[in-house]
>>> print(open('input_30.txt').read())   # compact mmCIF, C-alpha atoms
# COMPACT_ATOMS: atom_id res chain seq x y z
CA MET A 1 36.78 -81.13 177.04
CA ALA A 2 36.57 -84.68 178.44
CA ASP A 3 33.27 -86.46 178.93
CA GLY A 4 31.63 -85.60 182.24
CA GLN A 5 33.35 -82.20 182.61
CA PHE A 6 30.43 -80.09 181.47
CA GLN A 7 28.66 -80.32 184.84
CA HIS A 8 31.92 -79.35 186.54
CA PHE A 9 32.20 -76.35 184.20
CA ILE A 10 28.63 -75.26 184.99
CA ARG A 11 29.15 -75.59 188.75
CA ASN A 12 32.36 -73.58 188.62
CA MET A 13 30.85 -70.81 186.52
CA SER A 14 27.80 -70.64 188.80
CA HIS A 15 30.13 -70.22 191.77
CA VAL A 16 32.22 -67.58 190.01
CA MET A 17 29.25 -65.56 188.81
CA GLY A 18 27.75 -65.69 192.29
CA ALA A 19 30.85 -63.92 193.56
CA VAL A 20 30.99 -61.30 190.80
CA ASN A 21 29.13 -58.04 191.43
CA THR A 22 26.97 -57.91 188.31
CA LYS A 23 24.19 -56.02 190.06
CA LEU A 24 25.84 -52.68 190.91
CA GLN A 25 24.29 -50.60 188.12
CA ARG A 26 21.03 -52.50 188.29
CA ASP A 27 20.65 -51.98 192.03
CA LEU A 28 21.48 -48.28 191.67
CA ALA A 29 18.69 -47.95 189.09
CA LEU A 30 16.24 -49.75 191.38
CA ARG A 31 17.05 -47.36 194.24
CA THR A 32 16.50 -44.29 192.04
CA ARG A 33 13.44 -45.50 190.14
CA VAL A 34 11.11 -42.73 188.96
CA ALA A 35 13.32 -39.97 190.35
CA ARG A 36 12.55 -37.78 187.36
CA ARG A 37 10.20 -34.83 187.77
CA TYR A 38 8.26 -33.01 185.07
CA SER A 39 7.76 -29.29 184.59
CA MET A 40 4.38 -27.60 184.29
CA ALA A 41 4.93 -27.40 180.52
CA GLU A 42 5.70 -31.14 180.30
CA THR A 43 2.68 -31.94 182.46
CA SER A 44 0.51 -29.83 180.15
CA GLU A 45 1.84 -31.79 177.19
CA PHE A 46 0.97 -35.09 178.87
CA LEU A 47 -2.59 -33.88 179.36
CA GLY A 48 -2.81 -32.37 175.89
CA THR A 49 -3.70 -28.93 177.21
CA ASP A 50 -2.05 -25.51 177.46
CA GLY A 51 -0.33 -24.21 180.55
CA SER A 52 -3.03 -21.67 181.38
CA GLY A 53 -5.54 -24.45 182.00
CA LEU A 54 -3.29 -26.07 184.56
CA VAL A 55 -2.54 -22.77 186.23
CA HIS A 56 -6.26 -22.16 186.62
CA LEU A 57 -6.74 -25.70 187.98
CA ALA A 58 -3.92 -25.16 190.47
CA GLU A 59 -5.56 -21.97 191.69
CA THR A 60 -9.08 -23.35 192.01
CA ASP A 61 -8.77 -26.99 193.13
CA ALA A 62 -7.61 -27.54 196.69
CA ALA A 63 -6.37 -31.05 195.87
CA PHE A 64 -3.86 -29.81 193.27
CA PRO A 65 -0.40 -31.03 194.38
CA GLU A 66 2.22 -28.57 195.55
CA GLY A 67 5.05 -30.17 193.57
CA GLN A 68 8.60 -28.97 194.09
CA GLY A 69 10.36 -25.85 192.98
CA VAL A 70 11.08 -22.23 193.62
CA GLY A 71 8.66 -19.42 192.93
CA ARG A 72 6.46 -20.01 189.90
CA HIS A 73 8.58 -22.86 188.55
CA ARG A 74 7.25 -26.16 189.82
CA SER A 75 7.94 -29.76 188.92
CA PHE A 76 5.86 -32.86 189.52
CA SER A 77 6.50 -36.55 190.09
CA PRO A 78 4.68 -39.18 187.98
CA SER A 79 2.26 -39.71 190.89
CA GLU A 80 1.50 -35.99 191.01
CA VAL A 81 1.04 -35.92 187.22
CA MET A 82 -1.51 -38.72 187.53
CA LEU A 83 -3.35 -36.87 190.28
CA ILE A 84 -3.41 -33.68 188.20
CA ARG A 85 -4.93 -35.65 185.32
CA ALA A 86 -7.60 -37.04 187.61
CA LEU A 87 -8.39 -33.55 188.87
CA ALA A 88 -8.63 -32.19 185.33
CA GLY A 89 -10.51 -35.19 183.98
CA THR A 90 -13.24 -35.04 186.62
CA GLN A 91 -13.97 -31.34 186.20
CA PRO A 92 -17.48 -30.77 184.79
CA GLY A 93 -17.33 -30.72 181.00
CA SER A 94 -13.58 -31.37 180.92
CA PRO A 95 -12.16 -32.82 177.68
CA HIS A 96 -9.19 -34.29 179.57
CA GLY A 97 -10.63 -37.62 180.60
CA LEU A 98 -8.92 -40.38 182.53
CA HIS A 99 -9.81 -42.87 179.78
CA TRP A 100 -10.22 -45.64 182.34
CA ARG A 101 -12.30 -48.60 181.19
CA CYS A 102 -15.85 -48.85 182.42
CA PRO A 103 -17.29 -51.70 184.50
CA GLY A 104 -17.99 -54.68 182.26
CA GLU A 105 -15.34 -53.79 179.66
CA PRO A 106 -12.44 -56.27 179.42
CA PRO A 107 -8.84 -55.05 179.53
CA ILE A 108 -7.12 -54.56 176.19
CA VAL A 109 -4.08 -56.82 175.80
CA VAL A 110 -1.13 -55.75 173.63
CA THR A 111 1.70 -58.26 173.19
CA PHE A 112 5.21 -57.41 172.03
CA GLY A 113 6.79 -60.50 170.50
CA ALA A 114 9.65 -61.43 168.18
CA GLN A 115 11.71 -64.43 167.19
CA LYS A 116 15.04 -62.64 167.53
CA GLY A 117 16.59 -60.94 170.54
CA GLY A 118 18.22 -57.53 170.32
CA THR A 119 15.38 -55.81 168.47
CA GLY A 120 14.48 -53.42 171.30
CA LYS A 121 11.35 -55.41 172.08
CA SER A 122 11.43 -55.02 175.86
CA LEU A 123 12.26 -51.33 175.68
CA ALA A 124 9.47 -50.76 173.16
CA ALA A 125 7.04 -52.51 175.51
CA ALA A 126 8.25 -50.46 178.49
CA HIS A 127 7.98 -47.21 176.52
CA PHE A 128 4.45 -48.09 175.41
CA ALA A 129 3.27 -48.90 178.94
CA GLN A 130 4.73 -45.69 180.36
CA TYR A 131 3.38 -43.60 177.48
CA LEU A 132 -0.15 -44.90 178.12
CA ASN A 133 0.28 -44.02 181.78
CA LEU A 134 1.75 -40.53 181.29
CA PHE A 135 -0.22 -39.34 178.25
CA TYR A 136 -3.59 -41.00 178.93
CA GLY A 137 -3.60 -41.75 182.63
CA LEU A 138 -4.29 -45.42 182.00
CA ARG A 139 -3.78 -48.06 184.63
CA VAL A 140 -1.42 -50.54 182.99
CA GLY A 141 -0.51 -54.11 183.83
CA VAL A 142 2.87 -55.23 182.53
CA ILE A 143 3.41 -58.98 182.16
CA ASP A 144 7.01 -60.07 181.73
CA ALA A 145 6.94 -63.43 179.95
CA ASP A 146 10.74 -63.65 179.70
CA PRO A 147 12.83 -65.72 182.13
CA GLN A 148 15.51 -63.00 181.82
CA ALA A 149 13.01 -60.46 183.23
CA THR A 150 14.28 -57.66 181.01
CA VAL A 151 11.17 -55.48 181.00
CA SER A 152 10.80 -56.00 184.77
CA LEU A 153 14.00 -54.03 185.26
CA TYR A 154 12.28 -50.93 183.82
CA PHE A 155 9.53 -51.00 186.46
CA ALA A 156 10.84 -52.69 189.59
CA ASP A 157 12.43 -50.87 192.49
CA GLU A 158 14.43 -52.14 195.45
CA ARG A 159 11.27 -53.29 197.25
CA LEU A 160 10.57 -55.97 194.61
CA PRO A 161 12.95 -58.96 194.92
CA LEU A 162 13.43 -59.79 191.25
CA PHE A 163 15.00 -63.18 190.51
CA ASP A 164 14.12 -64.36 194.01
CA PRO A 165 12.65 -67.91 193.83
CA GLY A 166 9.88 -66.74 196.15
CA THR A 167 8.71 -63.96 193.83
CA PRO A 168 5.73 -65.19 191.80
CA THR A 169 5.86 -64.89 188.02
CA LEU A 170 3.63 -65.53 185.03
CA ALA A 171 3.88 -69.27 185.74
CA GLU A 172 2.01 -68.82 189.03
CA PHE A 173 -0.57 -66.57 187.40
CA MET A 174 -1.26 -69.25 184.79
CA GLY A 175 -1.21 -72.11 187.30
CA VAL A 176 1.67 -73.91 185.59
CA ASP A 177 4.42 -73.37 188.16
CA ASP A 178 4.66 -77.07 189.12
CA PRO A 179 6.07 -79.17 186.25
CA GLY A 180 4.98 -82.34 188.05
CA ALA A 181 1.31 -81.36 188.42
CA ARG A 182 -1.21 -83.49 186.55
CA ALA A 183 -3.65 -80.58 186.16
CA LEU A 184 -3.60 -76.80 186.10
CA ILE A 185 -3.21 -75.32 189.58
CA SER A 186 -6.52 -73.57 190.24
CA ARG A 187 -6.26 -70.18 191.95
CA GLU A 188 -8.96 -67.80 193.09
CA PRO A 189 -9.13 -64.29 191.62
CA SER A 190 -7.70 -62.90 194.87
CA GLU A 191 -4.70 -65.21 194.54
CA LEU A 192 -4.21 -64.14 190.93
CA ASP A 193 -4.43 -60.50 191.96
CA ALA A 194 -1.70 -61.07 194.53
CA VAL A 195 0.70 -62.07 191.71
CA TRP A 196 0.54 -58.50 190.38
CA GLN A 197 3.29 -56.47 192.05
CA PRO A 198 3.11 -52.71 192.70
CA THR A 199 5.64 -50.43 190.99
CA PRO A 200 6.72 -46.83 191.67
CA TRP A 201 4.77 -45.78 188.57
CA PRO A 202 1.24 -44.71 189.63
CA GLY A 203 -1.31 -47.16 188.30
CA ILE A 204 1.27 -49.53 186.77
CA ARG A 205 1.47 -53.06 188.12
CA LEU A 206 3.88 -55.82 187.15
CA ILE A 207 3.93 -59.59 186.90
CA PRO A 208 7.70 -60.07 186.99
CA GLY A 209 9.74 -62.33 184.78
CA GLY A 210 11.90 -65.07 186.24
CA GLY A 211 13.45 -68.46 185.75
CA ASN A 212 10.39 -70.52 186.62
CA ILE A 213 8.69 -69.34 183.43
CA GLN A 214 10.69 -72.19 181.92
CA ASN A 215 8.92 -74.51 184.38
CA GLY A 216 5.71 -73.26 182.82
CA ASP A 217 6.80 -74.56 179.43
CA ILE A 218 7.63 -77.96 180.90
CA SER A 219 4.30 -78.06 182.72
CA LEU A 220 2.33 -77.09 179.60
CA PHE A 221 4.14 -79.76 177.59
CA PHE A 222 3.16 -82.54 179.99
CA LEU A 223 -0.37 -81.20 180.37
CA SER A 224 -0.76 -81.27 176.61
CA ARG A 225 0.12 -84.98 176.64
CA ASN A 226 -1.57 -86.16 179.83
CA ALA A 227 -4.62 -83.96 180.42
CA PRO A 228 -7.43 -82.42 178.35
CA VAL A 229 -6.08 -78.89 178.81
CA PRO A 230 -6.12 -76.34 175.96
CA VAL A 231 -2.55 -75.34 176.71
CA TYR A 232 -2.53 -72.46 174.21
CA ARG A 233 -5.20 -70.41 176.01
CA VAL A 234 -4.28 -70.81 179.68
CA LEU A 235 -3.15 -67.18 179.99
CA LYS A 236 -6.23 -65.89 178.16
CA ASP A 237 -8.47 -67.76 180.59
CA ALA A 238 -6.43 -66.69 183.64
CA ILE A 239 -6.76 -63.01 182.66
CA ALA A 240 -10.52 -63.45 182.27
CA GLN A 241 -10.77 -65.18 185.65
CA TRP A 242 -8.74 -62.45 187.36
CA ASP A 243 -10.77 -59.72 185.67
CA ALA A 244 -14.04 -61.29 186.82
CA GLY A 245 -13.00 -60.59 190.40
CA PHE A 246 -10.92 -57.46 189.91
CA GLY A 247 -12.43 -55.50 187.06
CA PRO A 248 -13.20 -51.77 187.31
CA ARG A 249 -15.71 -50.82 190.00
CA THR A 250 -15.31 -47.07 190.50
CA PRO A 251 -17.01 -44.74 188.02
CA HIS A 252 -15.32 -41.41 187.36
CA ALA A 253 -18.18 -39.53 188.98
CA ALA A 254 -17.39 -41.24 192.30
CA LEU A 255 -14.05 -39.42 192.51
CA ARG A 256 -15.82 -36.20 193.50
CA GLY A 257 -18.28 -35.73 196.32
CA PRO A 258 -21.71 -34.06 196.12
CA ASP A 259 -20.06 -30.70 196.79
CA GLY A 260 -17.60 -31.18 193.91
CA ALA A 261 -14.61 -31.75 196.20
CA PHE A 262 -12.13 -34.33 194.96
CA ASP A 263 -12.11 -37.51 197.04
CA LEU A 264 -8.44 -38.46 197.43
CA ALA A 265 -9.24 -41.74 199.22
CA ALA A 266 -11.63 -42.89 196.48
CA TYR A 267 -9.06 -41.91 193.86
CA ALA A 268 -6.30 -43.91 195.60
CA ARG A 269 -8.54 -47.00 195.73
CA ALA A 270 -9.60 -46.65 192.10
CA LEU A 271 -6.02 -46.23 190.94
CA GLU A 272 -5.11 -49.63 192.37
CA GLU A 273 -8.31 -51.61 191.84
CA THR A 274 -7.59 -52.91 188.32
CA VAL A 275 -5.75 -52.20 185.06
CA ASP A 276 -7.15 -50.89 181.80
CA VAL A 277 -4.50 -52.24 179.43
CA ILE A 278 -2.17 -55.23 179.75
CA VAL A 279 1.19 -55.05 177.97
CA ILE A 280 2.97 -58.39 177.55
CA ASP A 281 6.68 -58.58 176.78
CA GLN A 282 7.58 -61.93 175.25
CA GLN A 283 10.72 -63.99 175.32
CA PRO A 284 12.44 -63.96 171.88
CA SER A 285 11.21 -67.41 170.94
CA LEU A 286 7.99 -69.28 170.26
CA THR A 287 7.45 -71.70 173.12
CA LEU A 288 4.12 -72.76 174.63
CA MET A 289 4.36 -69.94 177.20
CA GLN A 290 5.00 -67.41 174.44
CA LEU A 291 2.17 -68.85 172.35
CA ASN A 292 -0.13 -68.11 175.29
CA GLY A 293 0.91 -64.46 175.16
CA LEU A 294 -0.05 -64.28 171.49
CA ILE A 295 -3.39 -66.06 171.94
CA ALA A 296 -4.28 -63.74 174.85
CA ALA A 297 -3.54 -60.58 172.82
CA ASP A 298 -6.00 -58.23 171.17
CA SER A 299 -3.06 -56.70 169.27
CA VAL A 300 0.42 -58.01 168.55
CA VAL A 301 3.42 -55.75 167.89
CA ILE A 302 6.51 -57.33 166.32
CA PRO A 303 9.56 -55.08 166.82
CA GLN A 304 11.93 -55.86 163.96
CA THR A 305 15.32 -54.65 162.77
CA MET A 306 15.68 -54.17 159.05
CA LYS A 307 18.81 -56.16 158.23
CA GLY A 308 18.40 -59.00 155.74
CA PHE A 309 19.32 -61.83 158.11
CA ASP A 310 17.04 -60.38 160.80
CA LEU A 311 14.14 -60.26 158.35
CA ALA A 312 14.65 -63.98 157.77
CA THR A 313 13.83 -64.52 161.46
CA LEU A 314 10.63 -62.50 160.98
CA SER A 315 9.66 -64.86 158.17
CA THR A 316 10.28 -67.87 160.41
CA TYR A 317 8.33 -66.30 163.28
CA VAL A 318 5.16 -65.45 161.34
CA THR A 319 5.25 -68.77 159.47
CA ASN A 320 5.40 -70.72 162.72
CA ILE A 321 2.62 -68.63 164.26
CA GLY A 322 0.50 -69.25 161.18
CA GLU A 323 0.96 -72.99 161.50
CA TYR A 324 0.06 -72.90 165.21
CA MET A 325 -3.04 -70.81 164.49
CA GLU A 326 -4.23 -73.12 161.73
CA PHE A 327 -3.88 -76.06 164.09
CA ILE A 328 -5.66 -74.33 167.00
CA LEU A 329 -8.56 -72.99 164.97
CA GLY A 330 -9.02 -76.41 163.42
CA PHE A 331 -10.45 -77.81 166.67
CA ASP A 332 -11.29 -74.67 168.69
CA SER A 333 -13.27 -72.64 166.20
CA ASP A 334 -15.10 -70.72 168.94
CA ILE A 335 -11.97 -69.01 170.28
CA THR A 336 -11.58 -65.32 169.49
CA VAL A 337 -7.97 -64.40 168.81
CA GLY A 338 -6.46 -61.04 168.01
CA ALA A 339 -9.53 -58.94 167.27
CA GLY A 340 -7.43 -55.75 167.22
CA ALA A 341 -4.75 -54.46 164.85
CA HIS A 342 -1.38 -56.16 164.45
CA MET A 343 1.80 -54.59 163.17
CA VAL A 344 5.51 -54.84 162.48
CA LEU A 345 7.42 -52.02 164.16
CA PRO A 346 10.83 -51.25 162.58
CA THR A 347 13.49 -50.73 165.26
CA ILE A 348 17.10 -49.59 165.59
CA VAL A 349 16.84 -48.00 162.15
CA GLN A 350 19.93 -46.21 160.84
CA GLU A 351 18.31 -43.34 158.98
CA GLN A 352 21.60 -42.39 157.33
CA ASN A 353 21.69 -45.87 155.87
CA ASN A 354 19.45 -45.95 152.80
CA GLN A 355 19.39 -49.72 152.99
CA ASP A 356 17.36 -49.61 156.22
CA THR A 357 14.87 -47.00 155.05
CA ASP A 358 14.58 -48.55 151.60
CA GLN A 359 13.75 -51.86 153.27
CA ILE A 360 10.99 -50.19 155.31
CA LEU A 361 9.60 -48.58 152.16
CA ASP A 362 9.63 -51.89 150.30
CA LEU A 363 7.88 -53.72 153.15
CA TYR A 364 5.32 -50.94 153.55
CA ARG A 365 4.45 -51.01 149.85
CA LYS A 366 3.82 -54.75 150.08
CA ALA A 367 1.96 -54.64 153.41
CA PRO A 368 0.70 -51.12 154.25
CA ARG A 369 -1.66 -52.39 156.95
CA GLU A 370 0.93 -54.54 158.65
CA VAL A 371 4.13 -52.43 158.50
CA MET A 372 4.21 -49.17 160.43
CA GLN A 373 5.31 -45.87 158.94
CA VAL A 374 7.02 -44.89 162.18
CA TRP A 375 10.10 -46.52 163.63
CA TYR A 376 12.61 -46.40 166.43
CA SER A 377 15.81 -44.83 165.16
CA ARG A 378 19.19 -45.98 166.32
CA SER A 379 20.21 -43.57 169.09
CA ASP A 380 22.99 -43.18 171.60
CA ALA A 381 20.46 -41.55 173.94
CA ILE A 382 18.47 -44.71 174.48
CA ALA A 383 21.64 -46.78 174.73
CA ASN A 384 22.76 -44.48 177.54
CA ALA A 385 19.37 -44.77 179.24
CA ALA A 386 19.31 -48.55 178.84
CA GLU A 387 22.64 -48.81 180.61
CA GLU A 388 20.80 -47.52 183.69
CA TYR A 389 17.76 -49.76 183.06
CA LYS A 390 15.63 -46.69 182.41
CA SER A 391 13.30 -45.69 179.61
CA ILE A 392 13.59 -42.33 177.89
CA TYR A 393 10.60 -41.13 179.94
CA GLU A 394 12.53 -41.72 183.16
CA TYR A 395 16.12 -41.09 182.11
CA LEU A 396 17.83 -37.98 183.51
CA PRO A 397 20.56 -37.18 180.95
CA PRO A 398 23.70 -35.23 181.83
CA PRO A 399 23.89 -31.77 180.21
CA GLY A 400 25.90 -32.96 177.19
CA ARG A 401 23.28 -35.56 176.29
CA ARG A 402 20.06 -33.58 176.78
CA ALA A 403 19.60 -32.70 173.10
CA SER A 404 19.87 -36.31 171.97
CA ALA A 405 17.55 -37.40 174.80
CA ARG A 406 14.92 -34.86 173.72
CA ALA A 407 15.21 -36.05 170.13
CA PHE A 408 14.73 -39.66 171.13
CA MET A 409 11.77 -38.80 173.36
CA ALA A 410 10.14 -37.17 170.31
CA ASN A 411 10.86 -40.40 168.44
CA ALA A 412 9.31 -42.50 171.22
CA ASN A 413 6.25 -40.25 171.32
CA ALA A 414 5.75 -40.71 167.57
CA VAL A 415 6.01 -44.49 167.78
CA ASN A 416 3.70 -44.74 170.77
CA ASP A 417 1.16 -42.33 169.27
CA ALA A 418 1.01 -44.57 166.20
CA LEU A 419 0.71 -47.71 168.36
CA VAL A 420 -2.17 -46.12 170.28
CA GLN A 421 -3.99 -45.23 167.06
CA ARG A 422 -3.73 -48.83 165.88
CA SER A 423 -4.27 -50.82 169.09
CA LEU A 424 -6.46 -48.43 171.13
CA PRO A 425 -8.28 -46.41 168.47
CA HIS A 426 -10.88 -45.14 170.96
CA LEU A 427 -8.23 -42.90 172.54
CA PRO A 428 -7.76 -39.40 171.13
CA PRO A 429 -4.66 -39.26 168.89
CA ARG A 430 -1.84 -36.78 169.30
CA ASP A 431 0.17 -35.17 166.49
CA TYR A 432 3.44 -36.99 167.14
CA ALA A 433 3.04 -39.78 164.58
CA ALA A 434 1.66 -37.45 161.91
CA THR A 435 4.63 -35.10 162.32
CA PHE A 436 7.09 -38.00 162.09
CA ILE A 437 5.45 -39.36 158.92
CA THR A 438 5.32 -35.94 157.30
CA GLU A 439 9.00 -35.33 157.98
CA ARG A 440 10.19 -38.76 156.80
CA TRP A 441 7.75 -39.68 154.03
CA SER A 442 7.10 -36.41 152.25
>>> encode(input="input_30.txt", output="structure tokens")
Amino acid sequence: MADGQFQHFIRNMSHVMGAVNTKLQRDLALRTRVARRYSMAETSEFLGTDGSGLVHLAETDAAFPEGQGVGRHRSFSPSEVMLIRALAGTQPGSPHGLHWRCPGEPPIVVTFGAQKGGTGKSLAAAHFAQYLNLFYGLRVGVIDADPQATVSLYFADERLPLFDPGTPTLAEFMGVDDPGARALISREPSELDAVWQPTPWPGIRLIPGGGNIQNGDISLFFLSRNAPVPVYRVLKDAIAQWDAGFGPRTPHAALRGPDGAFDLAAYARALEETVDVIVIDQQPSLTLMQLNGLIAADSVVIPQTMKGFDLATLSTYVTNIGEYMEFILGFDSDITVGAGAHMVLPTIVQEQNNQDTDQILDLYRKAPREVMQVWYSRSDAIANAAEEYKSIYEYLPPPGRRASARAFMANANAVNDALVQRSLPHLPPRDYAATFITERWS
């Protein structure tokens, strides 16, 4: 190609791709977001109770949702499941709590990061956020730190204009959206709260990914050279500033009146007032923006495939992080970083391939605290779901794929149960991880 033709090539390809319909499947998924409904048995499993308890609740609490169905067989939307949990969790002496954080408690931040793309990182982050919402009733904030906005596609619907230059991203939340600015752009807590976008999932909010996250890296680079800004902790400080204005305010007891009746208006306000956990999905790289996601985290999860070349990227990733951390702590010794548990999560594991499972065993023997005993298996079911930009908790499989979808959901439950035990140990565990480990490691 002759000198000077590259710009011509880029312009032509931009024009061509603007005319190609690459959004058909994506737009269909956005229009049908959270169309799945859950049976009474599935709802009972989410709450960790038996069906008789829910039947009794349905008969005695006037706020219990009608659901859809015929006769005794009813199904519920995610919003109705969340309401049922709130009804059950606010009953006197109920063991089925909402697990919302109390006023004064900071949100727990869990970051999913990796050096290499294609490890299932975004899907693992989406599964984790939705699992916390369905199985614990947590209000979850999802931060997409990737310009490609992959995890955003698992939460957005047609009302959220992803990839629109006017849609704010993490760069706006951090105040680094103007590469020419000589200082951080200061925003009030109310302005930071406005960056969070609603999703069809009840209690889940999203800071979308987008192209101007790259502007954030440029801005942080120049700020590091021209201003006394600790560019590695901008996100950590922004979260703290937002939380100071929009932390939890509603105690659980306020969801019922003096007569014991459930207050639907108070519940609706409480559901949207804050988040209890923040899940960050990183870009597969280690830029200044991605470093901020690591510094802000209480726990870091590194999804990792088990092939030899891929493991070399894990070595590069943790080595680079170690060098950054040594540098940061050398002049900012007061900063608290990563007080929770941190772990490598094996992904896309071919269980029929002894090389993959032997590699997990070898890593676990060398680092039992760092390498998880659960993993995401390679599965056609999740590949089929991902084609529709849906997680396994939302995917509606055709009849021929239901068995594989159920098997992968059991796999996702095991992984997420283990992640909860490590990163949010105050939550009651389920048996999913223990069953997985018994079956694979015995």
>>> atom_distance(input="input_30.txt", atom1="CA of Lys236 in chain A", atom2="CA of Val277 in chain A")
13.8 Å
>>> residues_around(input="input_30.txt", residues="range 119-122 of chain A", least_positions_apart="6", cutoff="8 Å", atoms="only C-alpha atoms", output="short mmCIF file (atom, residue, chain, number, x, y, z; two decimals) with C-alpha atoms, in the frame of the given file")
data_model
loop_
_atom_site.label_atom_id
_atom_site.label_comp_id
_atom_site.auth_asym_id
_atom_site.auth_seq_id
_atom_site.Cartn_x
_atom_site.Cartn_y
_atom_site.Cartn_z
CA PHE A 112 5.21 -57.41 172.03
CA GLY A 113 6.79 -60.50 170.50
CA THR A 150 14.28 -57.66 181.01
CA VAL A 151 11.17 -55.48 181.00
CA ASP A 281 6.68 -58.58 176.78
CA GLN A 282 7.58 -61.93 175.25
CA ILE A 302 6.51 -57.33 166.32
CA PRO A 303 9.56 -55.08 166.82
CA GLN A 304 11.93 -55.86 163.96
CA THR A 305 15.32 -54.65 162.77
CA THR A 347 13.49 -50.73 165.26
CA ILE A 348 17.10 -49.59 165.59
#
>>> residues_near_point(input="input_30.txt", point="(3.5, -73.3, 164.0)", cutoff="12 Å", atoms="all atoms listed in the file", output="MDAnalysis selection string")
chainID A and resid 232 285:288 291 315:328
>>> closest_atom_pairs(input="input_30.txt", of="range 273-366 of chain A", to="range 177-193 of chain A", cutoff="12 Å", atoms="only C-alpha atoms", output="CSV")
residue,atom,partner,partner_atom,distance
A:Glu273,CA,A:Asp193,CA,9.7
A:Thr274,CA,A:Asp193,CA,9.0
A:Val275,CA,A:Asp193,CA,10.9
A:Met289,CA,A:Asp177,CA,11.5
>>> closest_residue(input="input_30.txt", among="A:Val176, A:Ala433, A:Ile335, A:Leu329", to="Tyr376 in chain A", atoms="all atoms listed in the file")
A:Ala433
